[in-house]
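Structure file start_25.cif (mmCIF, C-alpha atoms and all ligand atoms) follows.
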data_start
loop_
_atom_site.group_PDB
_atom_site.id
_atom_site.type_symbol
_atom_site.label_atom_id
_atom_site.label_comp_id
_atom_site.auth_asym_id
_atom_site.auth_seq_id
_atom_site.Cartn_x
_atom_site.Cartn_y
_atom_site.Cartn_z
ATOM 1 C CA MET A 1 36.578 -10.497 33.550
ATOM 2 C CA LEU A 2 39.700 -12.644 33.113
ATOM 3 C CA SER A 3 42.173 -13.631 35.761
ATOM 4 C CA LEU A 4 45.271 -15.791 35.570
ATOM 5 C CA ASP A 5 46.629 -16.558 38.983
ATOM 6 C CA HIS A 6 50.226 -17.859 39.198
ATOM 7 C CA VAL A 7 49.926 -19.879 35.978
ATOM 8 C CA SER A 8 52.826 -22.041 34.774
ATOM 9 C CA VAL A 9 53.120 -24.061 31.572
ATOM 10 C CA ILE A 10 55.987 -26.487 31.027
ATOM 11 C CA PHE A 11 56.434 -28.424 27.793
ATOM 12 C CA ASN A 12 58.391 -31.709 27.669
ATOM 13 C CA GLN A 13 58.892 -31.629 31.405
ATOM 14 C CA GLY A 14 61.798 -33.661 32.711
ATOM 15 C CA THR A 15 63.391 -34.076 29.252
ATOM 16 C CA PRO A 16 66.349 -32.245 27.712
ATOM 17 C CA ASN A 17 63.777 -30.332 25.628
ATOM 18 C CA GLU A 18 61.979 -28.914 28.648
ATOM 19 C CA VAL A 19 60.553 -25.434 27.990
ATOM 20 C CA ARG A 20 59.096 -23.267 30.719
ATOM 21 C CA ALA A 21 56.757 -21.381 28.424
ATOM 22 C CA LEU A 22 54.840 -19.591 31.201
ATOM 23 C CA GLN A 23 56.419 -19.040 34.595
ATOM 24 C CA ASP A 24 54.210 -18.172 37.526
ATOM 25 C CA LEU A 25 52.332 -15.642 35.432
ATOM 26 C CA SER A 26 49.495 -13.583 36.872
ATOM 27 C CA LEU A 27 47.289 -11.294 34.805
ATOM 28 C CA PHE A 28 43.991 -9.570 35.565
ATOM 29 C CA VAL A 29 41.876 -8.059 32.802
ATOM 30 C CA ASP A 30 38.831 -5.905 33.525
ATOM 31 C CA ALA A 31 35.579 -6.034 31.568
ATOM 32 C CA GLY A 32 35.824 -3.851 28.467
ATOM 33 C CA GLU A 33 39.584 -3.512 28.784
ATOM 34 C CA PHE A 34 41.803 -3.677 25.674
ATOM 35 C CA ILE A 35 45.332 -4.954 26.299
ATOM 36 C CA THR A 36 48.201 -5.247 23.862
ATOM 37 C CA VAL A 37 50.895 -7.872 24.440
ATOM 38 C CA ILE A 38 54.398 -7.543 23.035
ATOM 39 C CA GLY A 39 57.539 -9.638 23.396
ATOM 40 C CA SER A 40 60.190 -11.401 21.361
ATOM 41 C CA ASN A 41 59.729 -14.689 19.517
ATOM 42 C CA GLY A 42 59.289 -17.532 21.968
ATOM 43 C CA ALA A 43 58.409 -15.214 24.870
ATOM 44 C CA GLY A 44 55.255 -17.244 25.570
ATOM 45 C CA LYS A 45 52.602 -14.948 24.076
ATOM 46 C CA SER A 46 50.755 -17.605 22.048
ATOM 47 C CA THR A 47 51.109 -20.054 24.943
ATOM 48 C CA LEU A 48 49.350 -17.470 27.101
ATOM 49 C CA PHE A 49 46.437 -17.554 24.629
ATOM 50 C CA ASN A 50 46.553 -21.367 24.454
ATOM 51 C CA VAL A 51 46.244 -21.655 28.192
ATOM 52 C CA ILE A 52 43.384 -19.117 28.296
ATOM 53 C CA SER A 53 41.494 -20.846 25.470
ATOM 54 C CA GLY A 54 42.109 -24.337 26.871
ATOM 55 C CA ALA A 55 44.351 -25.680 24.092
ATOM 56 C CA VAL A 56 47.104 -26.171 26.689
ATOM 57 C CA GLU A 57 46.648 -27.165 30.317
ATOM 58 C CA PRO A 58 48.636 -25.299 32.969
ATOM 59 C CA LYS A 59 50.989 -27.207 35.264
ATOM 60 C CA ALA A 60 50.078 -24.840 38.073
ATOM 61 C CA GLY A 61 47.777 -21.921 38.756
ATOM 62 C CA HIS A 62 44.151 -20.995 38.155
ATOM 63 C CA ILE A 63 42.239 -19.261 35.397
ATOM 64 C CA GLU A 64 38.908 -17.519 35.930
ATOM 65 C CA LEU A 65 36.622 -16.043 33.316
ATOM 66 C CA ASP A 66 33.715 -13.883 34.409
ATOM 67 C CA GLY A 67 33.891 -15.245 37.932
ATOM 68 C CA ARG A 68 34.013 -18.946 36.982
ATOM 69 C CA ASP A 69 37.054 -21.151 37.464
ATOM 70 C CA ILE A 70 37.704 -22.511 33.942
ATOM 71 C CA THR A 71 41.157 -23.993 34.688
ATOM 72 C CA HIS A 72 40.026 -27.529 33.864
ATOM 73 C CA TRP A 73 37.322 -26.768 31.327
ATOM 74 C CA PRO A 74 37.889 -28.359 27.910
ATOM 75 C CA GLU A 75 38.590 -26.030 25.014
ATOM 76 C CA TYR A 76 35.177 -26.491 23.345
ATOM 77 C CA ARG A 77 33.368 -25.417 26.503
ATOM 78 C CA ARG A 78 35.344 -22.170 26.676
ATOM 79 C CA SER A 79 34.914 -21.442 22.977
ATOM 80 C CA HIS A 80 31.411 -20.030 23.590
ATOM 81 C CA ASP A 81 32.963 -17.246 25.633
ATOM 82 C CA ILE A 82 36.277 -16.774 23.865
ATOM 83 C CA GLY A 83 36.756 -15.630 20.271
ATOM 84 C CA ARG A 84 40.186 -16.098 18.751
ATOM 85 C CA VAL A 85 41.811 -14.800 15.566
ATOM 86 C CA PHE A 86 45.201 -16.080 14.413
ATOM 87 C CA GLN A 87 48.015 -14.640 12.324
ATOM 88 C CA ASP A 88 47.284 -16.840 9.313
ATOM 89 C CA PRO A 89 44.113 -15.614 7.542
ATOM 90 C CA ARG A 90 43.556 -19.169 6.264
ATOM 91 C CA LEU A 91 43.006 -20.513 9.786
ATOM 92 C CA GLY A 92 39.891 -18.515 10.571
ATOM 93 C CA THR A 93 37.748 -19.438 7.591
ATOM 94 C CA CYS A 94 37.172 -22.646 5.673
ATOM 95 C CA PRO A 95 38.173 -22.571 1.966
ATOM 96 C CA GLY A 96 35.831 -24.247 -0.504
ATOM 97 C CA LEU A 97 32.898 -22.861 1.483
ATOM 98 C CA THR A 98 31.193 -19.549 0.829
ATOM 99 C CA ILE A 99 31.063 -16.640 3.269
ATOM 100 C CA ARG A 100 27.481 -17.675 4.086
ATOM 101 C CA GLU A 101 28.495 -21.306 4.709
ATOM 102 C CA ASN A 102 31.356 -20.174 6.939
ATOM 103 C CA LEU A 103 28.850 -18.113 8.862
ATOM 104 C CA SER A 104 26.717 -21.252 9.372
ATOM 105 C CA LEU A 105 29.732 -23.053 10.831
ATOM 106 C CA ALA A 106 30.427 -20.163 13.202
ATOM 107 C CA ALA A 107 26.767 -20.047 14.257
ATOM 108 C CA ILE A 108 26.586 -23.818 14.879
ATOM 109 C CA HIS A 109 29.860 -23.635 16.779
ATOM 110 C CA GLY A 110 28.417 -20.971 19.011
ATOM 111 C CA ARG A 111 25.222 -22.823 19.926
ATOM 112 C CA ARG A 112 25.090 -23.885 23.514
ATOM 113 C CA ALA A 113 22.505 -26.577 22.909
ATOM 114 C CA GLY A 114 20.881 -28.288 19.976
ATOM 115 C CA PHE A 115 22.236 -28.786 16.495
ATOM 116 C CA ARG A 116 20.149 -26.584 14.256
ATOM 117 C CA ARG A 117 22.111 -26.429 11.049
ATOM 118 C CA ASP A 118 20.679 -23.190 9.714
ATOM 119 C CA VAL A 119 21.692 -19.705 10.689
ATOM 120 C CA LYS A 120 18.979 -17.834 12.536
ATOM 121 C CA ALA A 121 17.624 -14.849 10.638
ATOM 122 C CA ASP A 122 18.726 -12.396 13.323
ATOM 123 C CA GLU A 123 22.246 -13.863 13.323
ATOM 124 C CA GLU A 124 22.530 -13.508 9.575
ATOM 125 C CA ALA A 125 21.188 -9.950 9.726
ATOM 126 C CA TRP A 126 23.715 -9.101 12.460
ATOM 127 C CA PHE A 127 26.546 -10.607 10.462
ATOM 128 C CA ILE A 128 25.560 -8.782 7.269
ATOM 129 C CA GLU A 129 25.363 -5.544 9.250
ATOM 130 C CA GLN A 130 28.899 -6.128 10.562
ATOM 131 C CA LEU A 131 30.196 -6.793 7.040
ATOM 132 C CA ALA A 132 28.437 -3.688 5.700
ATOM 133 C CA ARG A 133 30.043 -1.577 8.435
ATOM 134 C CA GLN A 134 33.448 -2.837 7.347
ATOM 135 C CA GLN A 135 32.860 -1.140 3.974
ATOM 136 C CA LEU A 136 34.711 -3.844 2.059
ATOM 137 C CA GLY A 137 31.632 -4.816 0.036
ATOM 138 C CA LEU A 138 31.706 -8.330 1.488
ATOM 139 C CA GLU A 139 28.015 -8.207 2.385
ATOM 140 C CA ARG A 140 27.324 -8.377 -1.359
ATOM 141 C CA ARG A 141 29.553 -11.428 -1.808
ATOM 142 C CA LEU A 142 27.954 -13.841 0.650
ATOM 143 C CA ASP A 143 27.984 -16.640 -1.912
ATOM 144 C CA ALA A 144 31.643 -16.211 -2.878
ATOM 145 C CA ASP A 145 34.134 -18.933 -1.931
ATOM 146 C CA VAL A 146 36.342 -17.502 0.838
ATOM 147 C CA ALA A 147 39.385 -19.054 -0.881
ATOM 148 C CA LEU A 148 38.978 -16.332 -3.534
ATOM 149 C CA LEU A 149 39.224 -13.505 -1.002
ATOM 150 C CA SER A 150 42.362 -11.642 0.042
ATOM 151 C CA GLY A 151 44.016 -12.209 3.411
ATOM 152 C CA GLY A 152 42.648 -8.911 4.730
ATOM 153 C CA GLN A 153 39.115 -9.745 3.606
ATOM 154 C CA ARG A 154 39.369 -13.164 5.246
ATOM 155 C CA GLN A 155 40.584 -11.634 8.519
ATOM 156 C CA ALA A 156 37.686 -9.161 8.381
ATOM 157 C CA ILE A 157 35.236 -12.071 8.031
ATOM 158 C CA THR A 158 37.007 -14.033 10.775
ATOM 159 C CA LEU A 159 36.685 -11.057 13.122
ATOM 160 C CA ALA A 160 32.957 -10.738 12.428
ATOM 161 C CA MET A 161 32.519 -14.506 12.924
ATOM 162 C CA ALA A 162 34.562 -14.483 16.127
ATOM 163 C CA THR A 163 32.207 -11.904 17.594
ATOM 164 C CA LEU A 164 28.990 -13.498 16.262
ATOM 165 C CA VAL A 165 28.592 -15.596 19.404
ATOM 166 C CA LYS A 166 29.101 -12.483 21.559
ATOM 167 C CA PRO A 167 32.242 -13.685 23.324
ATOM 168 C CA LYS A 168 33.263 -12.333 26.701
ATOM 169 C CA LEU A 169 36.848 -12.214 25.529
ATOM 170 C CA LEU A 170 38.501 -11.742 22.152
ATOM 171 C CA LEU A 171 42.073 -13.041 21.702
ATOM 172 C CA LEU A 172 43.954 -11.673 18.692
ATOM 173 C CA ASP A 173 47.282 -13.348 17.926
ATOM 174 C CA GLU A 174 49.204 -11.086 15.506
ATOM 175 C CA HIS A 175 46.074 -11.055 13.379
ATOM 176 C CA THR A 176 47.424 -8.376 11.024
ATOM 177 C CA ALA A 177 50.988 -9.696 10.688
ATOM 178 C CA ALA A 178 50.364 -11.492 7.389
ATOM 179 C CA LEU A 179 48.611 -8.527 5.770
ATOM 180 C CA ASP A 180 49.913 -5.684 3.628
ATOM 181 C CA PRO A 181 50.030 -2.292 5.399
ATOM 182 C CA ASN A 182 46.694 -1.084 3.967
ATOM 183 C CA ALA A 183 44.825 -4.251 4.803
ATOM 184 C CA ALA A 184 46.466 -4.319 8.245
ATOM 185 C CA GLU A 185 45.284 -0.777 8.929
ATOM 186 C CA GLN A 186 41.771 -1.642 7.830
ATOM 187 C CA VAL A 187 41.629 -4.764 10.011
ATOM 188 C CA ILE A 188 42.906 -2.731 12.984
ATOM 189 C CA MET A 189 40.121 -0.207 12.420
ATOM 190 C CA LEU A 190 37.592 -3.045 12.337
ATOM 191 C CA THR A 191 39.066 -4.448 15.517
ATOM 192 C CA GLN A 192 38.617 -1.123 17.295
ATOM 193 C CA GLN A 193 35.082 -0.717 15.937
ATOM 194 C CA LEU A 194 34.053 -4.178 17.122
ATOM 195 C CA ALA A 195 35.696 -3.779 20.524
ATOM 196 C CA GLU A 196 33.919 -0.474 21.109
ATOM 197 C CA ALA A 197 30.545 -1.422 19.643
ATOM 198 C CA HIS A 198 30.280 -4.563 21.783
ATOM 199 C CA ASP A 199 32.335 -3.386 24.750
ATOM 200 C CA LEU A 200 34.549 -6.431 24.318
ATOM 201 C CA CYS A 201 37.414 -7.438 26.519
ATOM 202 C CA VAL A 202 40.317 -7.752 24.047
ATOM 203 C CA VAL A 203 43.849 -9.087 24.408
ATOM 204 C CA MET A 204 45.922 -8.492 21.288
ATOM 205 C CA ILE A 205 49.415 -9.849 20.609
ATOM 206 C CA THR A 206 51.436 -7.729 18.200
ATOM 207 C CA HIS A 207 54.991 -7.271 17.016
ATOM 208 C CA SER A 208 54.123 -3.739 15.937
ATOM 209 C CA MET A 209 55.222 -1.215 18.561
ATOM 210 C CA GLN A 210 53.053 1.351 16.756
ATOM 211 C CA GLN A 211 49.953 -0.808 17.238
ATOM 212 C CA ALA A 212 50.928 -1.414 20.859
ATOM 213 C CA CYS A 213 51.038 2.349 21.419
ATOM 214 C CA ASP A 214 47.961 3.237 19.359
ATOM 215 C CA LEU A 215 45.554 0.605 20.632
ATOM 216 C CA GLY A 216 44.157 -0.315 23.970
ATOM 217 C CA ASP A 217 44.429 0.779 27.572
ATOM 218 C CA ARG A 218 47.459 -1.183 28.726
ATOM 219 C CA VAL A 219 50.638 -2.618 27.186
ATOM 220 C CA ILE A 220 52.188 -5.791 28.547
ATOM 221 C CA MET A 221 55.667 -6.982 27.667
ATOM 222 C CA MET A 222 56.482 -10.682 27.983
ATOM 223 C CA ASN A 223 59.907 -12.255 28.136
ATOM 224 C CA ARG A 224 60.811 -15.864 28.865
ATOM 225 C CA GLY A 225 57.361 -16.810 30.017
ATOM 226 C CA ARG A 226 56.874 -13.871 32.348
ATOM 227 C CA ILE A 227 55.289 -10.449 32.220
ATOM 228 C CA VAL A 228 58.343 -8.235 32.649
ATOM 229 C CA PHE A 229 56.534 -4.926 32.638
ATOM 230 C CA GLU A 230 53.240 -3.294 31.922
ATOM 231 C CA ILE A 231 52.428 0.276 31.057
ATOM 232 C CA ALA A 232 49.075 1.844 31.893
ATOM 233 C CA GLY A 233 47.531 5.147 32.905
ATOM 234 C CA GLU A 234 49.307 8.427 32.163
ATOM 235 C CA GLU A 235 52.524 6.749 31.048
ATOM 236 C CA ARG A 236 50.541 4.693 28.547
ATOM 237 C CA LYS A 237 48.861 7.793 27.095
ATOM 238 C CA ASN A 238 52.193 9.381 26.183
ATOM 239 C CA LEU A 239 53.864 6.167 25.084
ATOM 240 C CA LYS A 240 55.850 6.195 21.829
ATOM 241 C CA PRO A 241 57.205 3.219 19.848
ATOM 242 C CA ALA A 242 60.786 4.402 20.576
ATOM 243 C CA ASP A 243 60.122 4.095 24.347
ATOM 244 C CA LEU A 244 58.971 0.518 23.929
ATOM 245 C CA ILE A 245 61.862 -0.357 21.638
ATOM 246 C CA ASP A 246 64.325 0.994 24.229
ATOM 247 C CA ARG A 247 62.826 -1.152 26.949
ATOM 248 C CA PHE A 248 62.656 -4.101 24.560
ATOM 249 C CA HIS A 249 66.377 -3.758 23.817
ATOM 250 C CA SER A 250 67.283 -3.588 27.473
ATOM 251 C CA LEU A 251 65.866 -7.116 27.712
ATOM 252 C CA GLN A 252 67.342 -8.350 24.441
ATOM 253 C CA ASP A 253 70.830 -7.329 25.544
ATOM 254 C CA GLY A 254 70.561 -9.852 28.341
ATOM 255 C CA THR A 255 70.565 -7.049 30.890
ATOM 256 C CA GLU A 256 67.449 -8.348 32.577
ATOM 257 C CA LEU A 257 65.479 -5.809 34.503
ATOM 258 C CA SER A 258 66.270 -6.055 38.179
ATOM 259 C CA ASP A 259 63.538 -6.810 40.706
ATOM 260 C CA ALA A 260 63.783 -3.207 41.891
ATOM 261 C CA GLN A 261 63.089 -1.945 38.378
ATOM 262 C CA LEU A 262 60.247 -4.394 37.900
ATOM 263 C CA LEU A 263 58.623 -3.283 41.115
ATOM 264 C CA SER A 264 59.165 0.419 40.546
HETATM 265 N N1 LIG B 1 53.220 -27.453 21.975
HETATM 266 C C1 LIG B 1 54.464 -27.123 22.312
HETATM 267 N N2 LIG B 1 55.391 -28.076 22.594
HETATM 268 C C2 LIG B 1 56.636 -27.738 22.966
HETATM 269 N N3 LIG B 1 57.084 -26.471 23.068
HETATM 270 C C3 LIG B 1 56.228 -25.491 22.783
HETATM 271 C C4 LIG B 1 54.879 -25.756 22.384
HETATM 272 N N4 LIG B 1 54.249 -24.570 22.175
HETATM 273 C C5 LIG B 1 55.180 -23.611 22.417
HETATM 274 N N5 LIG B 1 56.349 -24.163 22.785
HETATM 275 C C6 LIG B 1 57.553 -23.425 23.177
HETATM 276 O O1 LIG B 1 57.202 -22.504 24.184
HETATM 277 C C7 LIG B 1 57.914 -21.276 24.016
HETATM 278 C C8 LIG B 1 56.931 -20.135 23.856
HETATM 279 O O2 LIG B 1 56.286 -20.278 22.595
HETATM 280 P P1 LIG B 1 55.138 -19.298 22.095
HETATM 281 O O3 LIG B 1 54.587 -19.870 20.834
HETATM 282 O O4 LIG B 1 54.191 -19.081 23.200
HETATM 283 O O5 LIG B 1 55.958 -17.958 21.808
HETATM 284 P P2 LIG B 1 55.435 -16.569 21.200
HETATM 285 O O6 LIG B 1 55.754 -15.521 22.214
HETATM 286 O O7 LIG B 1 54.043 -16.696 20.734
HETATM 287 O O8 LIG B 1 56.445 -16.373 19.974
HETATM 288 P P3 LIG B 1 56.196 -15.764 18.488
HETATM 289 O O9 LIG B 1 56.333 -14.279 18.620
HETATM 290 O O10 LIG B 1 57.298 -16.366 17.693
HETATM 291 O O11 LIG B 1 54.842 -16.202 18.023
HETATM 292 C C9 LIG B 1 58.816 -21.467 22.807
HETATM 293 O O12 LIG B 1 60.089 -21.861 23.270
HETATM 294 C C10 LIG B 1 58.149 -22.610 22.062
HETATM 295 O O13 LIG B 1 59.084 -23.349 21.305
HETATM 296 MG MG MG B 2 53.112 -16.591 18.874
#

Spell out the structure here as structure tokens.
Amino acid sequence: MLSLDHVSVIFNQGTPNEVRALQDLSLFVDAGEFITVIGSNGAGKSTLFNVISGAVEPKAGHIELDGRDITHWPEYRRSHDIGRVFQDPRLGTCPGLTIRENLSLAAIHGRRAGFRRDVKADEEAWFIEQLARQQLGLERRLDADVALLSGGQRQAITLAMATLVKPKLLLLDEHTAALDPNAAEQVIMLTQQLAEAHDLCVVMITHSMQQACDLGDRVIMMNRGRIVFEIAGEERKNLKPADLIDRFHSLQDGTELSDAQLLS
């Protein structure tokens, strides 16, 4: 479904502030696969999402989505196929507008052609059904200003909106990090529900080793713009947060994994 082939991103190239945010990174994600991405601050995780969504252009490499080369597509053109939820609950919804009005924006955003301003009846019904499934009572508050809602409620709405246009890929960038533990747990449950119900391809960045172990089919660790290891299959099934933390520390200590270890 998604392939990144030897992708590099360099910021401020040729200046003293040069940052090699992604270094010759390759990643292949199957349809319906759920991947968690971990790594320290500045490892390049959000840059990975920026290059997939088109916010940042790669210096080298190719990106394909569902068999099409999207490397040079502008961000807006990819947005029909890629849903994205950020860490800050305020980024996904527009304050001063009601839930219903936010839904209209998401629906207009998702239209491939034409500029109908109203939400189609089936879209609204779908959205209300998603909210009802979340069991937060938000389907009864469609005319409430989203600014009055909690962070968790706003993330729940953002998730439903991000999947309204039936994306091929859902990118979640620490989308529970700003929430209290209860709200975080609820939003994770919603994430799983949505991923399963719509057989979505999901890539989720998290700093929670527990989430990385509990969710998805494959864990990827990034460090200094590279994927330094990934864990899948049987090893992934038995994975515990302590295992990940050990491997994380082996990188933090500056004892980089050797090529032999990386290839083993
Ligand atoms: N637009 C930009 N201009 C210059 N440097 C950037 C830009 N975006 C990211 N960087 C740099 O690229 C590197 C990777 O940043 P990125 O945001 O991808 O890290 P991250 O893994 O998401 O970290 P965190 O866990 O803190 O969110 C960092 O050194 C960062 O300062
Ligand atoms: Mg980030």

Handout entry: Within 7 Å of stretch 129-139 of chain A using all atoms listed in the file, minus same-chain residues under 3 positions, as a list in words
Key = Ala125, Trp126, Leu142, Ala160 and Leu190 of chain A

Practice task
Please write the residues picked by the PyMOL selection byres (((chain A and resi 174) around 12) and not hetatm) on this file as a PyMOL selection string.
Solution key: chain A and resi 36-39+41+45-46+49+84-89+155+171-173+175-179+184+187-188+203-209+211-212

Problem - A:Arg20, A:Arg226, A:His198, A:Arg78 ranked by distance to ligand LIG 1 (chain B), top pick (using all atoms listed in the file) - result: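 Of the candidates, the smallest distance to ligand LIG 1 (chain B) is held by A:Arg20.
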
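Compared by their closest atoms to ligand MG 2 (chain B), and using all atoms listed in the file, the residues A:Ser104, A:Gln193, A:Ser40, A:Thr158 rank with A:Ser40 nearest.
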
Problem - Between atom CA of A:Thr98 and atom CA of A:Met161 - distance in Å to one decimal - result: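 Spanning atom CA of A:Met161 to atom CA of A:Thr98 is a straight-line distance of 13.2 Å.
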
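Our summary of the geometry notes that atom CA of A:Leu251 is positioned 17.8 Å from atom CA of A:Leu25.
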
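Counting all atoms listed in the file and comparing A:Arg77, A:Lys240, A:Arg100, A:Arg90, the residue that lies closest to A:Ala147 is A:Arg90.
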
Exercise for the section: Determine the nearest neighbour of ligand LIG 1 (chain B) from the options A:Ala144, A:Ile220, A:Val9, A:Leu91, counting only C-alpha atoms and all ligand atoms. Expected result: A:Val9

I'd like the residues picked by the PyMOL selection byres (((chain A and resi 232) around 10) and not hetatm) written out as a compact mmCIF listing (two decimals) with C-alpha atoms, in the frame of the given file, using the chain letters and numbers from the file.
# COMPACT_ATOMS: atom_id res chain seq x y z
CA ILE A 35 45.33 -4.95 26.30
CA GLY A 216 44.16 -0.32 23.97
CA ASP A 217 44.43 0.78 27.57
CA ARG A 218 47.46 -1.18 28.73
CA VAL A 219 50.64 -2.62 27.19
CA ILE A 220 52.19 -5.79 28.55
CA GLU A 230 53.24 -3.29 31.92
CA ILE A 231 52.43 0.28 31.06
CA GLY A 233 47.53 5.15 32.90
CA GLU A 234 49.31 8.43 32.16
CA GLU A 235 52.52 6.75 31.05
CA ARG A 236 50.54 4.69 28.55
CA LYS A 237 48.86 7.79 27.10
CA ASN A 238 52.19 9.38 26.18
CA LEU A 239 53.86 6.17 25.08
